[in-house]
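The file start.cif comes next; it holds mmCIF, C-alpha atoms.
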```
data_model
loop_
_atom_site.label_atom_id
_atom_site.label_comp_id
_atom_site.auth_asym_id
_atom_site.auth_seq_id
_atom_site.Cartn_x
_atom_site.Cartn_y
_atom_site.Cartn_z
CA ALA A 1432 120.54 13.62 -91.79
CA PHE A 1433 124.08 13.16 -90.47
CA ILE A 1434 122.84 12.97 -86.89
CA ILE A 1435 119.99 10.62 -87.80
CA ALA A 1436 122.55 8.30 -89.37
CA GLU A 1437 124.55 8.35 -86.14
CA TYR A 1438 121.52 7.69 -83.92
CA VAL A 1439 120.01 4.97 -86.08
CA ASN A 1440 123.46 3.53 -86.83
CA VAL A 1441 122.95 3.25 -90.58
CA PRO A 1442 124.90 4.67 -93.54
CA TYR A 1443 124.06 8.21 -94.60
CA ILE A 1444 122.72 6.98 -97.93
CA GLU A 1445 120.08 4.93 -96.09
CA VAL A 1446 118.81 8.06 -94.35
CA ILE A 1447 118.61 9.87 -97.68
CA LYS A 1448 116.75 6.93 -99.18
CA ALA A 1449 114.24 6.82 -96.34
CA ALA A 1450 113.61 10.57 -96.25
CA ALA A 1451 113.52 11.14 -100.02
CA VAL A 1452 109.88 10.34 -100.78
CA PRO A 1453 108.32 12.16 -97.78
CA ALA A 1454 110.58 15.19 -98.26
CA PHE A 1455 110.05 15.60 -102.00
CA ALA A 1456 106.33 14.87 -101.69
CA SER A 1457 106.05 17.55 -99.00
CA TYR A 1458 107.84 20.18 -101.08
CA ALA A 1459 105.90 19.23 -104.20
CA ALA A 1460 102.69 19.77 -102.22
CA LEU A 1461 104.00 23.14 -101.05
CA LEU A 1462 104.44 24.20 -104.68
CA TYR A 1463 100.96 22.89 -105.35
CA ILE A 1464 99.55 24.95 -102.46
CA THR A 1465 101.24 28.00 -103.96
CA HIS A 1466 99.40 27.25 -107.20
CA ILE A 1467 96.13 26.86 -105.27
CA GLU A 1468 96.56 30.23 -103.58
CA ALA A 1469 97.35 31.85 -106.92
CA SER A 1470 94.24 30.25 -108.42
CA LYS A 1471 92.08 31.52 -105.56
CA LEU A 1472 93.37 35.07 -106.03
CA GLY A 1473 93.37 34.94 -109.81
CA LEU A 1474 97.09 35.66 -110.00
CA LYS A 1475 98.95 35.19 -113.26
CA GLY A 1476 102.62 34.47 -113.84
CA ILE A 1477 105.15 36.93 -115.22
CA PRO A 1478 105.25 36.84 -119.03
CA ARG A 1479 108.08 34.69 -120.31
CA SER A 1480 109.49 37.65 -122.23
CA GLU A 1481 110.12 39.46 -118.94
CA LEU A 1482 111.94 36.56 -117.29
CA PRO A 1483 115.74 36.33 -117.33
CA PRO A 1484 117.14 33.66 -119.67
CA PHE A 1485 117.26 30.38 -117.79
CA MET A 1486 120.43 28.89 -119.25
CA GLY A 1487 122.46 32.07 -118.94
CA THR A 1488 121.38 32.58 -115.34
CA PHE A 1489 122.07 28.94 -114.53
CA LEU A 1490 125.54 28.96 -116.06
CA ARG A 1491 126.51 32.13 -114.20
CA GLY A 1492 125.96 30.38 -110.90
CA ILE A 1493 126.85 26.80 -111.80
CA HIS A 1494 130.13 26.96 -109.89
CA TYR A 1495 128.16 27.14 -106.64
CA LEU A 1496 127.15 23.51 -107.21
CA ILE A 1497 130.75 22.26 -107.05
CA PRO A 1498 130.97 22.09 -103.22
CA LEU A 1499 127.51 20.52 -103.02
CA PHE A 1500 128.36 17.80 -105.52
CA ALA A 1501 131.68 17.23 -103.76
CA LEU A 1502 129.86 16.77 -100.45
CA LEU A 1503 127.37 14.32 -101.94
CA PHE A 1504 130.14 12.44 -103.77
CA GLU A 1505 132.07 11.90 -100.55
CA LEU A 1506 129.01 10.93 -98.55
CA ILE A 1507 127.31 8.67 -101.07
CA ILE A 1508 130.07 7.31 -103.29
CA LEU A 1509 133.18 7.35 -101.11
CA ARG A 1510 131.16 6.77 -97.90
CA HIS A 1511 133.35 9.12 -95.88
CA SER A 1512 132.20 10.28 -92.46
CA PRO A 1513 129.96 13.37 -92.37
CA GLU A 1514 132.66 15.35 -90.56
CA LEU A 1515 135.36 14.60 -93.14
CA SER A 1516 132.97 15.16 -96.05
CA ALA A 1517 131.87 18.52 -94.67
CA PHE A 1518 135.50 19.56 -94.09
CA HIS A 1519 136.43 18.78 -97.68
CA ALA A 1520 133.34 20.57 -98.98
CA VAL A 1521 134.25 23.67 -96.96
CA TRP A 1522 137.75 24.00 -98.37
CA ILE A 1523 136.45 23.33 -101.88
CA LEU A 1524 133.94 26.13 -101.32
CA ALA A 1525 136.80 28.38 -100.19
CA VAL A 1526 138.69 27.63 -103.41
CA VAL A 1527 135.58 28.43 -105.46
CA MET A 1528 135.13 31.70 -103.59
CA LEU A 1529 138.80 32.56 -104.10
CA PHE A 1530 138.59 32.23 -107.87
CA GLN A 1531 135.08 33.46 -108.67
CA ASN A 1532 135.72 37.20 -108.36
CA PRO A 1533 139.08 37.22 -110.22
CA VAL A 1534 137.58 35.17 -113.06
CA LYS A 1535 134.63 37.54 -113.34
CA ALA A 1536 136.98 40.53 -113.29
CA TYR A 1537 139.17 38.96 -115.99
CA LEU A 1538 136.18 38.25 -118.22
CA LYS A 1539 134.98 41.83 -117.80
CA LYS A 1540 138.53 43.10 -118.43
CA GLU A 1541 138.68 44.72 -115.00
CA PRO A 1542 141.66 44.79 -112.58
CA VAL A 1543 142.21 41.37 -111.03
CA GLY A 1544 144.05 42.53 -107.88
CA PRO A 1545 141.05 44.13 -106.13
CA ALA A 1546 138.95 41.10 -107.05
CA ILE A 1547 141.43 38.76 -105.34
CA LYS A 1548 141.39 40.97 -102.25
CA LYS A 1549 137.59 40.93 -102.23
CA SER A 1550 137.57 37.12 -102.50
CA ILE A 1551 139.90 36.77 -99.52
CA VAL A 1552 137.76 39.16 -97.48
CA ASP A 1553 134.63 37.20 -98.47
CA ILE A 1554 136.22 33.93 -97.33
CA PHE A 1555 137.18 35.24 -93.91
CA THR A 1556 133.84 37.00 -93.53
CA GLY A 1557 132.07 33.75 -94.33
CA MET A 1558 134.17 31.87 -91.79
CA ALA A 1559 133.40 34.47 -89.14
CA ASN A 1560 129.68 34.41 -89.91
CA GLY A 1561 129.68 30.61 -89.87
CA ALA A 1562 131.35 30.53 -86.46
CA ARG A 1563 128.96 33.16 -85.16
CA ASN A 1564 125.92 31.27 -86.41
CA MET A 1565 127.22 28.03 -84.95
CA CYS A 1566 127.30 29.49 -81.44
CA ALA A 1567 123.52 29.31 -81.07
CA VAL A 1568 123.40 25.80 -82.53
CA ALA A 1569 126.28 24.63 -80.32
CA MET A 1570 124.65 25.98 -77.18
CA ALA A 1571 121.30 24.44 -78.05
CA THR A 1572 122.95 21.12 -78.90
CA ALA A 1573 124.88 21.17 -75.64
CA ALA A 1574 121.66 21.79 -73.73
CA ALA A 1575 120.04 18.97 -75.66
CA GLY A 1576 122.97 16.78 -74.64
CA ILE A 1577 122.10 17.44 -71.01
CA ILE A 1578 118.57 16.26 -71.72
CA VAL A 1579 119.96 13.15 -73.39
CA GLY A 1580 122.05 12.44 -70.30
CA VAL A 1581 119.06 12.86 -68.00
CA VAL A 1582 117.04 10.52 -70.19
CA ALA A 1583 119.81 7.93 -70.08
CA MET A 1584 119.75 8.07 -66.27
CA GLY A 1585 116.22 6.69 -66.17
CA LEU A 1586 113.84 9.43 -67.24
CA GLY A 1587 113.47 7.83 -70.67
CA GLN A 1588 112.03 4.64 -69.20
CA LEU A 1589 109.64 6.69 -67.08
CA ILE A 1590 108.43 8.62 -70.13
CA THR A 1591 107.92 5.35 -71.99
CA GLU A 1592 105.81 3.96 -69.15
CA ILE A 1593 103.72 7.15 -68.91
CA VAL A 1594 103.02 7.24 -72.65
CA GLY A 1595 102.28 3.52 -72.68
CA THR A 1596 99.79 3.96 -69.84
CA LEU A 1597 98.08 6.92 -71.52
CA ALA A 1598 97.88 5.19 -74.89
CA GLY A 1599 96.67 1.88 -73.53
CA ASP A 1600 96.53 -0.54 -76.44
CA ASN A 1601 95.65 2.12 -79.02
CA VAL A 1602 98.43 2.65 -81.58
CA TYR A 1603 96.75 5.75 -83.01
CA LEU A 1604 96.55 7.37 -79.59
CA LEU A 1605 100.21 6.52 -79.04
CA LEU A 1606 101.17 8.32 -82.24
CA PHE A 1607 99.00 11.35 -81.47
CA ILE A 1608 100.52 11.66 -77.99
CA THR A 1609 104.02 11.35 -79.42
CA ALA A 1610 103.28 13.87 -82.18
CA PHE A 1611 101.88 16.36 -79.67
CA ALA A 1612 104.88 15.88 -77.39
CA SER A 1613 107.23 16.43 -80.34
CA LEU A 1614 105.44 19.67 -81.22
CA ILE A 1615 105.68 20.94 -77.65
CA ILE A 1616 109.29 19.92 -77.07
CA GLY A 1617 110.40 21.23 -80.45
CA MET A 1618 109.11 24.76 -79.85
CA GLY A 1619 111.92 27.27 -79.72
CA LEU A 1620 114.71 24.81 -80.53
CA PRO A 1621 116.90 24.80 -83.64
CA THR A 1622 116.45 21.89 -86.03
CA THR A 1623 119.51 19.95 -84.88
CA ALA A 1624 118.73 20.28 -81.19
CA THR A 1625 115.10 19.42 -81.86
CA TYR A 1626 116.01 16.11 -83.43
CA ILE A 1627 118.50 15.20 -80.69
CA VAL A 1628 115.84 15.73 -78.04
CA MET A 1629 113.20 13.90 -80.09
CA ALA A 1630 115.52 10.97 -80.75
CA SER A 1631 116.14 10.62 -77.03
CA LEU A 1632 112.63 11.16 -75.70
CA THR A 1633 109.97 10.20 -78.22
CA ALA A 1634 111.44 7.91 -80.89
CA PRO A 1635 112.22 5.08 -78.42
CA VAL A 1636 108.67 5.39 -77.10
CA ILE A 1637 107.16 4.64 -80.51
CA VAL A 1638 109.42 1.64 -81.08
CA GLN A 1639 109.13 0.13 -77.60
CA VAL A 1640 105.47 0.81 -76.82
CA GLY A 1641 104.46 -0.04 -80.38
CA GLY A 1642 106.34 -3.31 -80.08
CA ASP A 1643 104.59 -4.07 -76.80
CA MET A 1644 101.28 -3.59 -78.63
CA GLY A 1645 102.38 -5.97 -81.38
CA PHE A 1646 102.84 -3.12 -83.86
CA VAL A 1647 106.34 -3.26 -85.31
CA VAL A 1648 107.64 0.16 -86.33
CA PRO A 1649 110.89 0.41 -88.33
CA ILE A 1650 113.34 2.43 -86.27
CA MET A 1651 113.95 4.78 -89.20
CA ALA A 1652 110.22 5.49 -89.46
CA ALA A 1653 110.06 6.28 -85.74
CA HIS A 1654 112.96 8.73 -85.93
CA LEU A 1655 111.59 10.45 -89.04
CA PHE A 1656 108.16 10.66 -87.39
CA CYS A 1657 109.57 12.56 -84.42
CA PHE A 1658 111.81 14.67 -86.63
CA PHE A 1659 108.94 15.77 -88.88
CA PHE A 1660 106.81 16.91 -85.95
CA GLY A 1661 109.77 18.56 -84.28
CA ILE A 1662 110.28 20.60 -87.45
CA LEU A 1663 106.58 21.53 -87.54
CA ALA A 1664 107.05 23.20 -84.16
CA ASP A 1665 108.95 25.99 -85.92
CA ASP A 1666 105.77 27.63 -87.18
CA THR A 1667 103.25 26.31 -84.68
CA PRO A 1668 101.78 29.06 -82.47
CA PRO A 1669 102.25 30.35 -79.86
CA VAL A 1670 106.06 30.05 -80.12
CA GLY A 1671 106.64 29.49 -83.85
CA LEU A 1672 110.02 31.15 -84.32
CA ALA A 1673 109.82 30.72 -88.09
CA ALA A 1674 106.38 32.34 -88.07
CA TYR A 1675 107.80 35.39 -86.29
CA ALA A 1676 110.56 35.64 -88.87
CA ALA A 1677 108.05 35.32 -91.72
CA ALA A 1678 105.76 37.87 -90.08
CA ALA A 1679 108.62 40.36 -89.88
CA ILE A 1680 109.29 39.95 -93.60
CA ALA A 1681 105.62 40.08 -94.58
CA LYS A 1682 104.84 42.83 -92.04
CA SER A 1683 101.91 40.82 -90.73
CA PRO A 1684 100.79 39.78 -87.21
CA PRO A 1685 102.87 36.82 -85.95
CA ILE A 1686 100.06 34.64 -84.57
CA PRO A 1687 97.82 34.76 -87.70
CA THR A 1688 100.96 34.18 -89.78
CA GLY A 1689 101.78 31.13 -87.68
CA ILE A 1690 98.25 29.80 -87.98
CA GLN A 1691 98.31 30.25 -91.76
CA GLY A 1692 101.71 28.59 -91.92
CA PHE A 1693 100.45 25.67 -89.87
CA MET A 1694 97.51 25.30 -92.26
CA TYR A 1695 100.00 24.97 -95.08
CA ASP A 1696 102.09 22.54 -93.03
CA ILE A 1697 99.22 20.15 -92.42
CA ARG A 1698 100.27 18.53 -95.69
CA THR A 1699 103.52 17.58 -93.95
CA ALA A 1700 101.81 16.45 -90.76
CA ILE A 1701 99.91 13.73 -92.61
CA LEU A 1702 103.05 12.13 -94.03
CA PRO A 1703 104.53 10.75 -90.77
CA PHE A 1704 101.27 8.99 -89.93
CA MET A 1705 101.24 7.48 -93.39
CA PHE A 1706 104.80 6.16 -93.45
CA ILE A 1707 104.46 4.74 -89.95
CA PHE A 1708 101.73 2.44 -91.27
CA ASN A 1709 103.05 2.17 -94.82
CA ALA A 1710 106.81 1.67 -94.76
CA ASP A 1711 106.84 1.76 -98.56
CA LEU A 1712 106.84 5.55 -98.27
CA ILE A 1713 110.29 5.46 -96.67
CA LEU A 1714 111.35 2.85 -99.26
CA HIS A 1715 111.74 0.22 -96.54
CA LYS A 1716 112.79 -3.00 -98.31
CA ILE A 1717 112.21 -1.30 -101.68
CA ASN A 1718 115.14 -1.89 -104.03
CA SER A 1719 113.56 -1.29 -107.43
CA TRP A 1720 113.85 2.14 -109.06
CA SER A 1721 110.58 1.68 -110.93
CA GLN A 1722 108.76 0.70 -107.75
CA ALA A 1723 110.31 3.62 -105.87
CA PHE A 1724 109.27 6.07 -108.59
CA LEU A 1725 105.72 4.69 -108.58
CA ILE A 1726 105.49 5.11 -104.80
CA PHE A 1727 106.88 8.64 -105.07
CA ALA A 1728 104.45 9.65 -107.82
CA MET A 1729 101.45 8.29 -105.92
CA ALA A 1730 102.62 9.93 -102.69
CA CYS A 1731 102.82 13.29 -104.47
CA ILE A 1732 99.35 12.94 -105.95
CA GLY A 1733 97.98 11.80 -102.60
CA ASN A 1734 99.54 14.81 -100.93
CA PHE A 1735 98.09 17.07 -103.62
CA ALA A 1736 94.64 15.66 -102.87
CA PHE A 1737 95.13 16.23 -99.15
CA ALA A 1738 96.29 19.80 -99.78
CA SER A 1739 93.21 20.40 -101.93
CA ALA A 1740 90.99 19.08 -99.14
CA THR A 1741 92.61 21.22 -96.43
CA GLN A 1742 92.83 24.35 -98.60
CA ASN A 1743 89.23 23.87 -99.81
CA TRP A 1744 90.24 24.21 -103.46
CA PHE A 1745 91.14 21.85 -106.29
CA VAL A 1746 90.45 23.43 -109.68
CA ALA A 1747 87.53 25.28 -108.11
CA LYS A 1748 86.21 25.78 -104.60
CA ASN A 1749 85.34 22.45 -103.00
CA ARG A 1750 81.81 21.48 -102.19
CA VAL A 1751 81.13 19.61 -98.97
CA TYR A 1752 80.78 16.19 -100.60
CA GLU A 1753 84.04 16.61 -102.55
CA ILE A 1754 86.27 16.90 -99.47
CA PRO A 1755 85.68 13.26 -98.35
CA LEU A 1756 86.45 12.15 -101.90
CA LEU A 1757 89.77 14.00 -101.82
CA LEU A 1758 90.61 12.49 -98.44
CA ALA A 1759 89.74 9.07 -99.84
CA VAL A 1760 92.19 9.72 -102.68
CA THR A 1761 94.88 10.56 -100.13
CA PHE A 1762 94.27 7.43 -98.09
CA THR A 1763 94.08 5.14 -101.11
CA LEU A 1764 97.30 6.41 -102.67
CA MET A 1765 99.28 6.57 -99.43
CA ARG A 1766 97.97 3.43 -97.74
CA PRO A 1767 97.11 1.04 -100.56
CA GLY A 1768 97.81 -1.92 -98.29
CA ALA A 1769 94.99 -0.97 -95.92
CA VAL A 1770 92.54 -0.51 -98.80
CA ALA A 1771 93.64 -3.83 -100.28
CA GLY A 1772 93.01 -5.51 -96.93
CA TRP A 1773 89.49 -4.09 -96.74
CA LEU A 1774 88.73 -5.33 -100.25
CA GLY A 1775 90.22 -8.76 -99.62
CA VAL A 1776 93.09 -8.21 -102.06
CA PRO A 1777 96.43 -9.85 -101.14
CA HIS A 1778 99.02 -7.45 -99.75
CA SER A 1779 101.39 -8.28 -102.60
CA GLU A 1780 98.79 -6.86 -105.01
CA ARG A 1781 98.31 -3.61 -103.06
CA TYR A 1782 99.57 -1.40 -105.87
CA TRP A 1783 96.45 -2.23 -107.86
CA MET A 1784 94.66 0.12 -105.47
CA TYR A 1785 96.41 3.07 -107.09
CA PRO A 1786 94.04 3.16 -110.09
CA ILE A 1787 91.12 3.43 -107.65
CA GLY A 1788 92.66 6.50 -106.04
CA LEU A 1789 93.46 8.05 -109.41
CA ALA A 1790 89.91 7.39 -110.60
CA LEU A 1791 88.50 9.17 -107.54
CA PHE A 1792 90.84 12.09 -108.18
CA GLY A 1793 89.65 12.24 -111.77
CA LEU A 1794 86.05 12.12 -110.59
CA VAL A 1795 86.59 15.19 -108.40
CA TYR A 1796 88.16 16.97 -111.35
CA PHE A 1797 85.19 16.30 -113.60
CA LEU A 1798 82.80 17.37 -110.83
CA GLN A 1799 84.63 20.69 -110.48
CA ARG A 1800 85.42 21.27 -114.13
CA PRO A 1801 82.20 23.20 -114.89
CA ARG A 1802 82.97 25.49 -111.93
CA ILE A 1803 86.52 26.43 -112.95
CA PRO A 1804 86.75 30.24 -112.67
CA LYS A 1805 86.81 31.94 -116.03
CA VAL A 1806 89.99 33.89 -116.68
CA PRO A 1807 89.17 37.25 -118.28
CA ALA A 1808 90.64 37.68 -121.72
CA PRO A 1809 93.35 40.34 -122.01
CA ALA A 1810 92.13 43.67 -123.29
CA LYS A 1811 92.89 44.29 -126.94
CA ALA A 1812 94.93 47.33 -127.81
CA GLU A 1813 93.02 50.00 -129.65
CA ALA A 1814 94.02 50.59 -133.22
#
```
Represent the structure of the file as structure tokens.
Amino acid sequence: AFIIAEYVNVPYIEVIKAAAVPAFASYAALLYITHIEASKLGLKGIPRSELPPFMGTFLRGIHYLIPLFALLFELIILRHSPELSAFHAVWILAVVMLFQNPVKAYLKKEPVGPAIKKSIVDIFTGMANGARNMCAVAMATAAAGIIVGVVAMGLGQLITEIVGTLAGDNVYLLLFITAFASLIIGMGLPTTATYIVMASLTAPVIVQVGGDMGFVVPIMAAHLFCFFFGILADDTPPVGLAAYAAAAIAKSPPIPTGIQGFMYDIRTAILPFMFIFNADLILHKINSWSQAFLIFAMACIGNFAFASATQNWFVAKNRVYEIPLLLAVTFTLMRPGAVAGWLGVPHSERYWMYPIGLALFGLVYFLQRPRIPKVPAPAKAEA
């Protein structure tokens, strides 16, 4: 987000505002997909009596939120630069780390001296690990900087002309070409380097070629479009570095793991296409909290419907005719302006299309309700 703010030349808070709805909708859909998979397999949650107490667990780790809130306070309220905000957050984190072990030792009536020593060791270990982890990011970012320099020397204009020629006057083809290029270029790169390359190569293409076609794309939407697809490259076979890491943890084959991960990530792939055509999803020119919340809620439900269509399950296994209905729900809730245009409704009244999408979603529920798998009743203990 810091780098996007630098490239787009907007305050950090504007980047957060633009990315909030797509990001939260994507993660909400991921939780929903987890629920779908559990429903398919008939899995049940852990009984509440076996779970650790929420408040006690939360309070034991609440001090870890101090550096995070300090970072957000400096970025959003004080409007400090990302570098200065991160620096302050780091030393605040060091102070928290310095005191956490001695305080715990004091509360447990244990010796404080060894706890202080452990805290100091933890701080220096964290600094060493941070520097070590930054080496890979720094090298990748430096290499990406070389690409940026090459693009600035004229390659960028050539890429724009090539994509414009391939796309012709078709905006959809332009976006598909750009998305595919972002997936390919983003393979094997860390997140930061991925965005730097995308911002130099593909984002200007969307803005310039789209403008030549008479299709105005907000620059923030173009950058987020490329960023989203660059991130998706992490688990897209055949490279899919994240898929290899997940496969190592799950002890499963990397390629099938990557394919399964990509199937889950399709819910994210639909969002960039939606906010390119519906800038409401990035809260472009939206200044009302109630309007923003409405857009967010409908985006989440639309993403749930899309996840149900791609995972072939809502409350029961989908039938063939139910999948188009779920896709219609997604389109209606995420692009109400297009539906309003088809129905002859003024664009200013586009939010009245939301009830149509919700009604279709409810229709699918009632169609599947008789087919909801029966959960076997727990066996009664013998007297």
field: Expected selection from the PyMOL selection byres ((chain A and resi 1633) around 12), given as number ranges by chain
entry: A: 1579, 1582, 1586-1595, 1605-1617, 1625-1632, 1634-1641, 1650, 1653-1658, 1660-1661
message: Here is a test: counting only C-alpha atoms, which residue of A:Ala1449, A:Ile1707, A:Leu1472, A:Ile1444 is nearest to Phe1646 of chain A?
response: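 With only C-alpha atoms as the atom set, the closest residue is A:Ile1707.
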task: Can you turn the PyMOL selection byres ((chain A and resi 1763) around 10) into a concrete residue list for this file, as a ChimeraX atom specification?
output: /A:1729-1730,1733,1757-1762,1764-1771,1781-1782,1784-1789,1791
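Comparing the minimum interatomic distances between Leu1672 of chain A and each of A:Thr1622, A:Met1570, A:Ile1713, A:Ala1562, counting all atoms listed in the file, we find that A:Thr1622 sits nearest.
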- request: May I have the residues within 7 Å of Cys1731 of chain A as a ChimeraX atom specification, using all atoms listed in the file and disregarding those fewer than 5 positions away in the same chain?
  value: /A:1456,1459-1460
field: Point-to-point distance in Å for atom CA of Val1776 of chain A and atom CA of Phe1797 of chain A
entry: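 Separation between atom CA of Phe1797 of chain A and atom CA of Val1776 of chain A: 28.2 Å.
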Go through the shown structure with the PyMOL selection byres ((chain A and resi 1674) around 8) and write out the matching residues as a compact mmCIF listing (two decimals) with C-alpha atoms, in the frame of the given file.
```txt
# COMPACT_ATOMS: atom_id res chain seq x y z
CA ASP A 1665 108.95 25.99 -85.92
CA ASP A 1666 105.77 27.63 -87.18
CA THR A 1667 103.25 26.31 -84.68
CA PRO A 1668 101.78 29.06 -82.47
CA GLY A 1671 106.64 29.49 -83.85
CA LEU A 1672 110.02 31.15 -84.32
CA ALA A 1673 109.82 30.72 -88.09
CA TYR A 1675 107.80 35.39 -86.29
CA ALA A 1676 110.56 35.64 -88.87
CA ALA A 1677 108.05 35.32 -91.72
CA ALA A 1678 105.76 37.87 -90.08
CA PRO A 1685 102.87 36.82 -85.95
CA ILE A 1686 100.06 34.64 -84.57
CA THR A 1688 100.96 34.18 -89.78
CA GLY A 1689 101.78 31.13 -87.68
CA GLY A 1692 101.71 28.59 -91.92
```
- request: Determine, counting all atoms listed in the file, which protein, DNA and RNA residues have an atom within 8 Å of an atom of segment 1499-1516 of chain A; residues of the same chain fewer than 5 positions away are not included. Present the result as a VMD selection string.
  value: chain A and resid 1433 1442 to 1444 1523
- request: Name the residues in contact with segment 1717-1720 of chain A at a cut-off of 12 Å, using all atoms listed in the file, excluding same-chain residues fewer than 5 positions from it; report them as JSON, numbers by chain.
  value: {"A": [1445, 1448, 1449, 1452, 1709, 1710, 1711, 1712, 1725, 1726, 1727]}
- request: State, in Å with one decimal place, the distance from atom CA of Ser1457 of chain A to atom CA of Leu1482 of chain A.
  value: 27.0 Å
task: Have a look at atom CA of Ala1747 of chain A and atom CA of Phe1693 of chain A and let me know their distance in Å, one decimal.
output: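 Separation between atom CA of Ala1747 of chain A and atom CA of Phe1693 of chain A: 22.4 Å.
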Of the listed residues A:Asp1600, A:Met1618, A:Lys1540, A:Tyr1752, that which approaches Gly1642 of chain A most closely, counting all atoms listed in the file: A:Asp1600
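Proximity to Ala1436 of chain A was assessed for A:Glu1468, A:Val1647, A:Ala1450, A:Phe1792 counting all atoms listed in the file; the smallest distance is recorded for A:Ala1450.
Checking A:Ser1721, A:Asn1564, A:Gln1531, A:Gln1742 one by one against Met1694 of chain A, counting only C-alpha atoms, you find the shortest gap at A:Gln1742.
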N, CA and C atoms for segment 1474-1487 of chain A, written as a PDB file, in the coordinates of the input, could you do that?
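Saved file result.pdb follows:
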```
ATOM      1  N   LEU A1474      95.781  35.121-109.633  1.00  0.00           N
ATOM      2  CA  LEU A1474      97.090  35.660-110.000  1.00  0.00           C
ATOM      3  C   LEU A1474      97.614  34.978-111.258  1.00  0.00           C
ATOM      4  N   LYS A1475      98.341  35.722-112.045  1.00  0.00           N
ATOM      5  CA  LYS A1475      98.950  35.190-113.260  1.00  0.00           C
ATOM      6  C   LYS A1475     100.465  35.314-113.158  1.00  0.00           C
ATOM      7  N   GLY A1476     101.162  34.440-113.856  1.00  0.00           N
ATOM      8  CA  GLY A1476     102.620  34.470-113.840  1.00  0.00           C
ATOM      9  C   GLY A1476     103.184  35.612-114.660  1.00  0.00           C
ATOM     10  N   ILE A1477     104.463  35.891-114.442  1.00  0.00           N
ATOM     11  CA  ILE A1477     105.150  36.930-115.220  1.00  0.00           C
ATOM     12  C   ILE A1477     105.305  36.435-116.657  1.00  0.00           C
ATOM     13  N   PRO A1478     105.052  37.268-117.630  1.00  0.00           N
ATOM     14  CA  PRO A1478     105.250  36.840-119.030  1.00  0.00           C
ATOM     15  C   PRO A1478     106.668  36.339-119.262  1.00  0.00           C
ATOM     16  N   ARG A1479     106.779  35.300-120.071  1.00  0.00           N
ATOM     17  CA  ARG A1479     108.080  34.690-120.310  1.00  0.00           C
ATOM     18  C   ARG A1479     109.084  35.701-120.871  1.00  0.00           C
ATOM     19  N   SER A1480     108.585  36.665-121.636  1.00  0.00           N
ATOM     20  CA  SER A1480     109.490  37.650-122.230  1.00  0.00           C
ATOM     21  C   SER A1480     110.167  38.526-121.181  1.00  0.00           C
ATOM     22  N   GLU A1481     109.556  38.628-119.991  1.00  0.00           N
ATOM     23  CA  GLU A1481     110.120  39.460-118.940  1.00  0.00           C
ATOM     24  C   GLU A1481     111.022  38.684-117.983  1.00  0.00           C
ATOM     25  N   LEU A1482     111.104  37.381-118.165  1.00  0.00           N
ATOM     26  CA  LEU A1482     111.940  36.560-117.290  1.00  0.00           C
ATOM     27  C   LEU A1482     113.375  36.546-117.795  1.00  0.00           C
ATOM     28  N   PRO A1483     114.346  36.442-116.882  1.00  0.00           N
ATOM     29  CA  PRO A1483     115.740  36.330-117.330  1.00  0.00           C
ATOM     30  C   PRO A1483     115.963  34.997-118.030  1.00  0.00           C
ATOM     31  N   PRO A1484     116.885  34.928-118.971  1.00  0.00           N
ATOM     32  CA  PRO A1484     117.140  33.660-119.670  1.00  0.00           C
ATOM     33  C   PRO A1484     117.613  32.586-118.700  1.00  0.00           C
ATOM     34  N   PHE A1485     116.971  31.433-118.766  1.00  0.00           N
ATOM     35  CA  PHE A1485     117.260  30.380-117.790  1.00  0.00           C
ATOM     36  C   PHE A1485     118.700  29.886-117.905  1.00  0.00           C
ATOM     37  N   MET A1486     119.120  29.516-119.104  1.00  0.00           N
ATOM     38  CA  MET A1486     120.430  28.890-119.250  1.00  0.00           C
ATOM     39  C   MET A1486     121.548  29.850-118.874  1.00  0.00           C
ATOM     40  N   GLY A1487     121.424  31.103-119.292  1.00  0.00           N
ATOM     41  CA  GLY A1487     122.460  32.070-118.940  1.00  0.00           C
ATOM     42  C   GLY A1487     122.555  32.281-117.444  1.00  0.00           C
TER      43      GLY A1487
END
```
